[in-house]
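work-v2.txt, holding compact mmCIF, C-alpha atoms and all ligand atoms:
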# COMPACT_ATOMS: atom_id res chain seq x y z
CA MET A 623 -21.87 -1.95 -13.95
CA ALA A 624 -20.58 -5.15 -15.55
CA ARG A 625 -21.92 -5.82 -19.04
CA PHE A 626 -23.18 -9.30 -19.94
CA GLU A 627 -22.24 -8.84 -23.59
CA GLU A 628 -18.64 -8.07 -22.48
CA ARG A 629 -18.27 -11.15 -20.23
CA LEU A 630 -15.07 -13.16 -20.54
CA PRO A 631 -15.60 -16.42 -22.45
CA GLU A 632 -13.80 -18.47 -19.76
CA ASN A 633 -16.53 -17.82 -17.17
CA ALA A 634 -18.38 -20.95 -16.04
CA PRO A 635 -21.95 -20.96 -17.42
CA GLY A 636 -24.46 -19.49 -15.01
CA ASP A 637 -25.55 -16.32 -13.29
CA TYR A 638 -22.31 -14.70 -12.13
CA PHE A 639 -19.71 -13.47 -14.62
CA VAL A 640 -16.64 -11.22 -14.90
CA ASP A 641 -16.42 -8.87 -17.86
CA ARG A 642 -13.41 -7.68 -19.84
CA THR A 643 -12.87 -4.54 -17.68
CA CYS A 644 -11.29 -6.68 -14.91
CA ILE A 645 -7.88 -5.31 -13.81
CA ASP A 646 -6.80 -8.52 -12.00
CA CYS A 647 -6.57 -6.87 -8.59
CA ASP A 648 -7.22 -10.17 -6.72
CA VAL A 649 -9.99 -8.73 -4.50
CA CYS A 650 -12.70 -11.17 -5.62
CA ARG A 651 -10.37 -14.17 -5.30
CA GLN A 652 -9.57 -13.21 -1.71
CA ILE A 653 -13.22 -12.66 -0.74
CA ALA A 654 -14.74 -15.62 -2.62
CA PRO A 655 -11.94 -18.06 -3.52
CA THR A 656 -14.37 -20.90 -4.27
CA VAL A 657 -16.06 -18.82 -6.99
CA PHE A 658 -13.35 -16.71 -8.64
CA LYS A 659 -9.89 -17.59 -9.93
CA GLN A 660 -7.40 -16.18 -12.40
CA ALA A 661 -8.14 -17.07 -16.02
CA PRO A 662 -5.71 -19.75 -17.24
CA ALA A 663 -4.19 -17.67 -20.04
CA ALA A 664 -4.89 -14.10 -19.02
CA ARG A 665 -4.26 -11.71 -16.15
CA GLN A 666 -7.96 -11.37 -15.40
CA ALA A 667 -10.38 -13.06 -13.03
CA ILE A 668 -13.18 -15.40 -14.06
CA VAL A 669 -16.00 -17.25 -12.34
CA PHE A 670 -14.83 -20.87 -12.36
CA HIS A 671 -17.61 -22.18 -10.11
CA GLN A 672 -21.08 -20.69 -9.85
CA PRO A 673 -22.02 -20.07 -6.18
CA GLU A 674 -24.19 -22.67 -4.49
CA GLY A 675 -25.96 -22.23 -1.17
CA PRO A 676 -26.41 -19.06 0.89
CA ASP A 677 -22.80 -18.73 2.13
CA GLU A 678 -21.23 -18.93 -1.33
CA HIS A 679 -23.87 -16.58 -2.73
CA LEU A 680 -23.09 -14.06 0.01
CA ARG A 681 -19.31 -14.26 -0.60
CA ALA A 682 -19.81 -13.85 -4.37
CA ALA A 683 -22.03 -10.82 -3.80
CA MET A 684 -19.50 -9.35 -1.32
CA ALA A 685 -16.85 -9.70 -4.05
CA MET A 686 -19.22 -8.01 -6.50
CA VAL A 687 -19.80 -4.94 -4.29
CA SER A 688 -16.06 -4.74 -3.50
CA CYS A 689 -14.74 -5.01 -7.07
CA PRO A 690 -13.02 -1.68 -7.80
CA THR A 691 -14.02 -1.63 -11.46
CA ALA A 692 -17.56 -3.05 -11.24
CA SER A 693 -16.40 -5.92 -13.44
CA ILE A 694 -18.53 -8.58 -11.75
CA GLY A 695 -22.16 -8.96 -12.75
CA THR A 696 -25.12 -11.30 -12.65
CA SER A 697 -27.40 -12.10 -15.56
CA ALA A 698 -30.43 -12.33 -13.25
CA ARG A 699 -31.32 -9.58 -10.84
CA GLN A 700 -29.86 -10.36 -7.38
CA SER A 701 -30.33 -8.49 -4.12
CA SER A 702 -26.96 -7.29 -2.83
CA GLY A 703 -28.37 -5.86 0.41
CA ALA A 704 -26.81 -8.46 2.72
CA ALA A 705 -23.45 -8.18 0.94
CA ALA A 706 -23.54 -4.39 1.08
CA ALA A 707 -24.10 -4.51 4.83
CA ALA A 708 -21.41 -7.15 5.42
CA PHE A 709 -18.56 -4.63 5.39
CA PRO A 710 -16.57 -3.75 7.39
CA GLU A 711 -16.00 -7.46 7.90
CA PRO A 712 -14.45 -8.55 11.23
CA ILE A 713 -11.16 -10.40 10.73
CA ALA A 714 -9.62 -10.20 14.22
CA GLU A 715 -10.44 -8.69 17.60
CA GLY A 716 -11.41 -5.07 16.85
CA VAL A 717 -9.98 -5.26 13.30
CA TYR A 718 -12.16 -5.12 10.20
CA TYR A 719 -11.57 -5.40 6.45
CA CYS A 720 -13.52 -2.63 4.68
CA GLY A 721 -14.08 -4.17 1.23
CA TYR A 722 -15.46 -1.59 -1.24
CA THR A 723 -12.12 -1.08 -2.94
CA SER A 724 -11.35 1.83 -5.23
CA ALA A 725 -10.08 1.77 -8.81
CA SER A 726 -7.84 4.74 -7.97
CA SER A 727 -5.87 2.53 -5.56
CA TYR A 728 -6.04 -0.56 -7.81
CA GLY A 729 -8.27 -2.39 -5.38
CA ALA A 730 -6.07 -1.83 -2.31
CA ALA A 731 -7.40 -3.15 1.01
CA SER A 732 -8.28 -0.77 3.80
CA TYR A 733 -8.96 -1.63 7.42
CA LEU A 734 -10.94 -0.24 10.34
CA ILE A 735 -9.53 -0.60 13.87
CA GLN A 736 -12.18 -0.16 16.53
CA ARG A 737 -10.91 1.22 19.84
CA PRO A 738 -12.45 3.11 22.78
CA GLU A 739 -10.15 6.09 22.25
CA GLY A 740 -11.36 6.55 18.66
CA ASN A 741 -11.41 4.35 15.58
CA VAL A 742 -8.59 4.27 13.06
CA LEU A 743 -8.98 3.74 9.34
CA VAL A 744 -5.90 2.45 7.52
CA ASP A 745 -5.95 3.67 3.92
CA SER A 746 -9.12 4.76 2.21
CA PRO A 747 -11.77 2.50 0.72
CA ARG A 748 -14.35 3.70 -1.78
CA ALA A 749 -16.76 6.00 0.02
CA ALA A 750 -19.85 3.88 -0.74
CA ARG A 751 -22.97 4.91 1.13
CA PRO A 752 -23.57 1.48 2.84
CA LEU A 753 -19.96 1.43 4.06
CA LEU A 754 -20.13 4.97 5.44
CA LYS A 755 -23.34 4.02 7.29
CA ARG A 756 -21.83 0.88 8.83
CA ILE A 757 -18.62 2.67 9.84
CA ALA A 758 -20.73 5.36 11.52
CA GLU A 759 -22.58 2.62 13.45
CA LEU A 760 -19.20 1.22 14.55
CA GLY A 761 -18.16 4.61 15.96
CA GLY A 762 -16.91 6.56 12.94
CA VAL A 763 -13.28 7.40 12.24
CA ARG A 764 -11.05 9.61 14.41
CA THR A 765 -7.76 8.97 12.58
CA LEU A 766 -7.07 8.00 8.97
CA VAL A 767 -3.55 6.66 8.51
CA LEU A 768 -2.45 6.76 4.86
CA THR A 769 0.36 4.24 4.38
CA HIS A 770 1.55 5.95 1.21
CA ARG A 771 0.44 8.22 -1.60
CA ASP A 772 -1.15 5.49 -3.81
CA ASP A 773 -3.90 4.18 -1.53
CA VAL A 774 -5.59 7.44 -0.52
CA ALA A 775 -8.78 6.97 -2.67
CA ASP A 776 -11.64 8.93 -1.06
CA HIS A 777 -9.70 10.34 1.92
CA ARG A 778 -11.30 13.76 1.49
CA ILE A 779 -14.82 12.30 1.81
CA PHE A 780 -13.90 10.33 4.94
CA HIS A 781 -12.39 13.49 6.43
CA ASP A 782 -15.49 15.52 5.57
CA VAL A 783 -17.96 12.89 6.85
CA PHE A 784 -16.18 11.87 10.06
CA GLY A 785 -13.89 14.84 10.78
CA CYS A 786 -10.92 12.49 11.09
CA ASP A 787 -7.29 13.61 11.15
CA ARG A 788 -5.35 12.30 8.18
CA VAL A 789 -1.82 11.06 8.90
CA ILE A 790 0.78 10.69 6.14
CA HIS A 791 4.55 10.98 5.79
CA GLU A 792 5.61 14.37 4.48
CA ALA A 793 7.58 12.70 1.65
CA ASP A 794 4.32 11.39 0.17
CA VAL A 795 2.37 14.64 0.39
CA ASP A 796 1.36 15.77 -3.08
CA ASP A 797 -1.71 17.20 -4.80
CA GLY A 798 -3.55 13.90 -4.30
CA THR A 799 -2.79 13.53 -0.58
CA ALA A 800 -2.87 17.14 0.65
CA PRO A 801 -4.14 18.52 2.87
CA ALA A 802 -3.29 16.20 5.76
CA GLU A 803 -3.74 17.20 9.38
CA VAL A 804 -0.67 15.27 10.66
CA THR A 805 2.55 14.78 8.72
CA ILE A 806 5.27 12.34 9.79
CA GLN A 807 8.91 13.37 9.36
CA GLY A 808 12.11 11.37 9.20
CA GLU A 809 12.58 7.65 9.84
CA SER A 810 11.94 7.34 13.58
CA PRO A 811 8.78 5.54 14.74
CA LEU A 812 6.12 7.89 16.07
CA ALA A 813 3.62 6.85 18.77
CA LEU A 814 0.22 8.32 17.93
CA ALA A 815 -1.10 6.67 21.12
CA PRO A 816 0.19 3.94 23.49
CA ASP A 817 -1.31 1.27 21.20
CA LEU A 818 -0.58 2.93 17.82
CA THR A 819 2.90 3.41 16.35
CA VAL A 820 3.62 4.73 12.88
CA ILE A 821 6.83 3.20 11.50
CA PRO A 822 8.38 4.87 8.44
CA VAL A 823 9.32 2.19 5.87
CA PRO A 824 10.67 4.11 2.85
CA GLY A 825 11.26 2.07 -0.27
CA HIS A 826 8.04 1.35 -2.15
CA THR A 827 7.56 5.11 -2.01
CA ARG A 828 9.78 7.63 -0.21
CA GLY A 829 7.05 8.27 2.35
CA SER A 830 5.72 4.76 2.95
CA VAL A 831 4.77 3.98 6.55
CA ALA A 832 3.46 0.93 8.42
CA LEU A 833 1.12 1.12 11.38
CA LEU A 834 1.73 -1.14 14.38
CA VAL A 835 -1.35 -1.71 16.55
CA ARG A 836 -1.24 -3.30 20.02
CA GLU A 837 2.16 -4.88 19.21
CA ARG A 838 0.23 -7.48 17.24
CA TYR A 839 -1.12 -6.09 13.97
CA LEU A 840 1.20 -4.53 11.39
CA PHE A 841 -0.59 -2.69 8.57
CA THR A 842 1.94 -2.55 5.80
CA GLY A 843 0.46 -0.78 2.76
CA ASP A 844 2.50 -1.89 -0.24
CA HIS A 845 5.72 -2.49 1.73
CA LEU A 846 5.15 -6.14 2.72
CA TRP A 847 2.54 -8.83 2.06
CA LEU A 848 1.98 -12.56 1.80
CA SER A 849 2.32 -13.97 -1.71
CA GLY A 850 -0.72 -15.98 -2.77
CA GLU A 851 1.56 -17.97 -5.10
CA THR A 852 4.39 -18.95 -2.74
CA GLY A 853 2.69 -18.67 0.65
CA ARG A 854 5.73 -16.68 1.87
CA LEU A 855 6.12 -13.08 2.96
CA ASP A 856 6.99 -10.99 -0.05
CA ALA A 857 8.00 -7.59 -1.44
CA SER A 858 8.69 -6.88 -5.09
CA ARG A 859 11.29 -4.89 -6.89
CA ASP A 860 8.82 -4.62 -9.80
CA VAL A 861 6.54 -2.40 -7.72
CA CYS A 862 9.26 -0.54 -5.84
CA TRP A 863 8.70 3.02 -7.05
CA HIS A 864 11.43 4.69 -4.91
CA TRP A 865 14.54 2.69 -3.94
CA TRP A 866 14.95 -1.08 -3.46
CA ALA A 867 18.03 -0.84 -1.19
CA GLU A 868 16.10 1.49 1.10
CA GLN A 869 13.13 -0.89 1.13
CA ILE A 870 15.51 -3.67 2.30
CA ARG A 871 16.80 -1.41 5.11
CA SER A 872 13.21 -0.60 6.10
CA MET A 873 12.44 -4.33 6.21
CA GLU A 874 15.46 -4.87 8.48
CA ARG A 875 14.24 -2.15 10.86
CA LEU A 876 10.92 -4.03 11.23
CA LEU A 877 12.91 -6.77 13.03
CA GLN A 878 13.02 -4.39 16.04
CA HIS A 879 9.25 -4.65 16.45
CA ARG A 880 6.93 -7.36 17.78
CA PHE A 881 3.91 -8.46 15.78
CA THR A 882 2.21 -11.60 14.52
CA TRP A 883 -0.05 -10.21 11.79
CA VAL A 884 0.77 -8.57 8.45
CA LEU A 885 -2.20 -6.74 6.91
CA PRO A 886 -1.24 -5.30 3.50
CA GLY A 887 -2.85 -3.05 0.92
CA HIS A 888 -2.15 -5.50 -1.89
CA GLY A 889 -1.39 -9.19 -1.53
CA ARG A 890 -2.64 -11.57 1.11
CA ARG A 891 -2.85 -11.17 4.87
CA TYR A 892 -0.55 -13.31 7.05
CA ARG A 893 -0.87 -14.44 10.64
CA ALA A 894 2.22 -16.11 12.07
CA PRO A 895 1.86 -18.69 14.86
CA SER A 896 4.26 -16.66 17.06
CA GLU A 897 6.40 -13.52 17.06
CA GLU A 898 9.44 -15.76 16.58
CA ALA A 899 7.89 -17.36 13.49
CA MET A 900 7.10 -13.93 12.05
CA ARG A 901 10.68 -12.81 12.68
CA ALA A 902 12.05 -15.94 10.96
CA GLU A 903 9.81 -15.27 7.92
CA LEU A 904 11.02 -11.67 7.78
CA VAL A 905 14.69 -12.69 8.03
CA ALA A 906 14.19 -15.15 5.16
CA LEU A 907 12.45 -12.49 3.07
CA ILE A 908 15.28 -10.00 3.65
CA GLU A 909 17.78 -12.59 2.37
CA ARG A 910 15.66 -13.12 -0.78
CA MET A 911 15.39 -9.34 -1.27
CA LYS A 912 19.17 -8.99 -1.13
CA ILE A 913 19.57 -11.65 -3.83
CA ALA A 914 17.07 -9.69 -6.00
CA ARG A 915 19.25 -6.57 -5.70
S1 LIG B 1 -12.29 -7.76 -7.98
FE1 LIG B 1 -12.94 -7.10 -10.03
S2 LIG B 1 -11.10 -6.15 -10.98
FE2 LIG B 1 -10.42 -7.32 -9.19
S3 LIG B 1 -9.81 -9.32 -10.01
FE3 LIG B 1 -11.97 -9.50 -9.36
S4 LIG B 1 -13.20 -9.01 -11.16
FE4 LIG B 1 -11.12 -8.32 -11.58
Represent the structure from my file as structure tokens, please.
Amino acid sequence: MARFEERLPENAPGDYFVDRTCIDCDVCRQIAPTVFKQAPAARQAIVFHQPEGPDEHLRAAMAMVSCPTASIGTSARQSSGAAAAAFPEPIAEGVYYCGYTSASSYGAASYLIQRPEGNVLVDSPRAARPLLKRIAELGGVRTLVLTHRDDVADHRIFHDVFGCDRVIHEADVDDGTAPAEVTIQGESPLALAPDLTVIPVPGHTRGSVALLVRERYLFTGDHLWLSGETGRLDASRDVCWHWWAEQIRSMERLLQHRFTWVLPGHGRRYRAPSEEAMRAELVALIERMKIAR
């Protein structure tokens, strides 16, 4: 729980505040951008505008329940019931953002894909009781695709609660990710179902994968995201834990696939106006990655 006496001095006066335990994961700024921003001289978030009206109050409370480090607080007692029940939040047809991020994955986003053949969870959120209840109401989880070893959070709880199969590349199986029911090998795409293809994208980690859904939505883990600063697709050598040249090759292989959405673990989501526009953005990113070699 956030501590009022530890609040950052840059917070705007009022009820909501961020305390000094903030890890600058960007979750609150994505959920409630009119309330939270990065502090001018520090890599931490602050409240720059106190919420006004029911919509802004709800978004601020959704950020509060989703903060991985419980760094957001209120000086007056607030009901967070509506915010707690607002996740998973629909963001596209049959696609939901789960909120409730985990400190163990540095606030990584996870997503629920609702489908008649069985729902898919992409990476693991925090196994908060309200989220588990809402996911159960939406049909539970049949398959949990883990894009890489870092964003696995509470995968064991989701497996125990919903009986889902966990899917991960064998190169990212370790003490934190084992046991998994399905392991991916090699670099060839694997169809889990006609509408679900796992695409190995080694680079960020040796076993990173992306999940392509309905040839429209590409869930990319930490391989690819939209930069909030430049508004362009991005990947970073600074967070490439395995091999940058291999990450560039993996990015080039994505040009073989059709999609218009990028839904990452970290960074911003991106929806291109067309498959051609997405391809052009990817080509431009690959050129920038080669310069950063
Ligand atoms: S969600 Fe929490 S940890 Fe992340 S930037 Fe906001 S206050 Fe900081």
request  = Return as an NGL selection string the residues of protein, DNA or RNA that approach ligand LIG 1 (chain B) to within 10 Å, with all atoms listed in the file taken into account.
outcome  = :A and (624 or 639-654 or 658-661 or 665-669 or 684-695 or 722-725 or 728-730)
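Take CA of Leu833 in chain A and CA of Arg890 in chain A: the distance between them is 16.8 Å.
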request  = Grab the CA of His770 in chain A to CA of Pro738 in chain A distance for me, in Å with one decimal place.
outcome  =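 CA of Pro738 in chain A lies at a distance of 25.9 Å from CA of His770 in chain A.
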Of the listed residues A:Ile735, A:Ile908, A:Ala813, A:Leu848, that which approaches Trp883 in chain A most closely, counting only C-alpha atoms = A:Leu848
message = Taking all atoms listed in the file into account, name the residue in A:Val884, A:Ile713, A:Ala758, A:Ala731 that is nearest to Arg838 in chain A.
response = A:Val884
request  = Tell me which of A:His671, A:Arg871, A:Arg771, A:His679 sits closest to Ser701 in chain A, counting all atoms listed in the file.
outcome  =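 Closest to Ser701 in chain A of all the choices is A:His679.
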task = Grab the CA of Asp856 in chain A to CA of Gln878 in chain A distance for me, in Å with one decimal place.
result =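 These atoms are spaced 18.4 Å apart.
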ask   = For Gly829 in chain A, which of A:Pro712, A:Gly785, A:Pro676, A:Gly808 is the closest residue, counting all atoms listed in the file?
value = A:Gly808
request  = Find the residues around Thr805 in chain A up to 9 Å (only C-alpha atoms counted), leave out those fewer than 5 positions away in its own chain, and share them as a ChimeraX atom specification.
outcome  = /A:788-793,795
task = Write out as a VMD selection string the residues lying within 6 Å of Val831 in chain A, counting all atoms listed in the file and excluding same-chain residues fewer than 6 positions away.
result = chain A and resid 769 821 to 823
query = With only C-alpha atoms as the atoms that count, which of A:Val744, A:Glu874, A:Ala867, A:Ser732 lies nearest to Leu834 in chain A?
reply =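 Closest residue, counting only C-alpha atoms: A:Val744.
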inquiry  = Between A:Glu909, A:Glu739, A:Asp772, A:Glu898, which residue has the minimum interatomic distance to Asp817 in chain A, considering all atoms listed in the file?
reply    = A:Glu739
Could you write out as JSON the box around range 689-704 of chain A (axis-aligned, all atoms listed in the file, 3 Å on each side), with centre and edge lengths in Å to one decimal?
{"center_x": -22.2, "center_y": -7.0, "center_z": -6.4, "size_x": 24.3, "size_y": 16.7, "size_z": 24.3}
key: Shell around Trp866 in chain A at 12 Å using all atoms listed in the file, local window under 5 positions removed, as a list in words   =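 Near Trp866 in chain A, the qualifying residues are Val823, Pro824, Gly825, His826, Thr827, Arg828, His845, Ala857, Ser858, Arg859, Asp860, Val861, Arg871, Ser872, Met873, Ile908, Met911, Lys912, Ile913, Ala914 and Arg915 of chain A.
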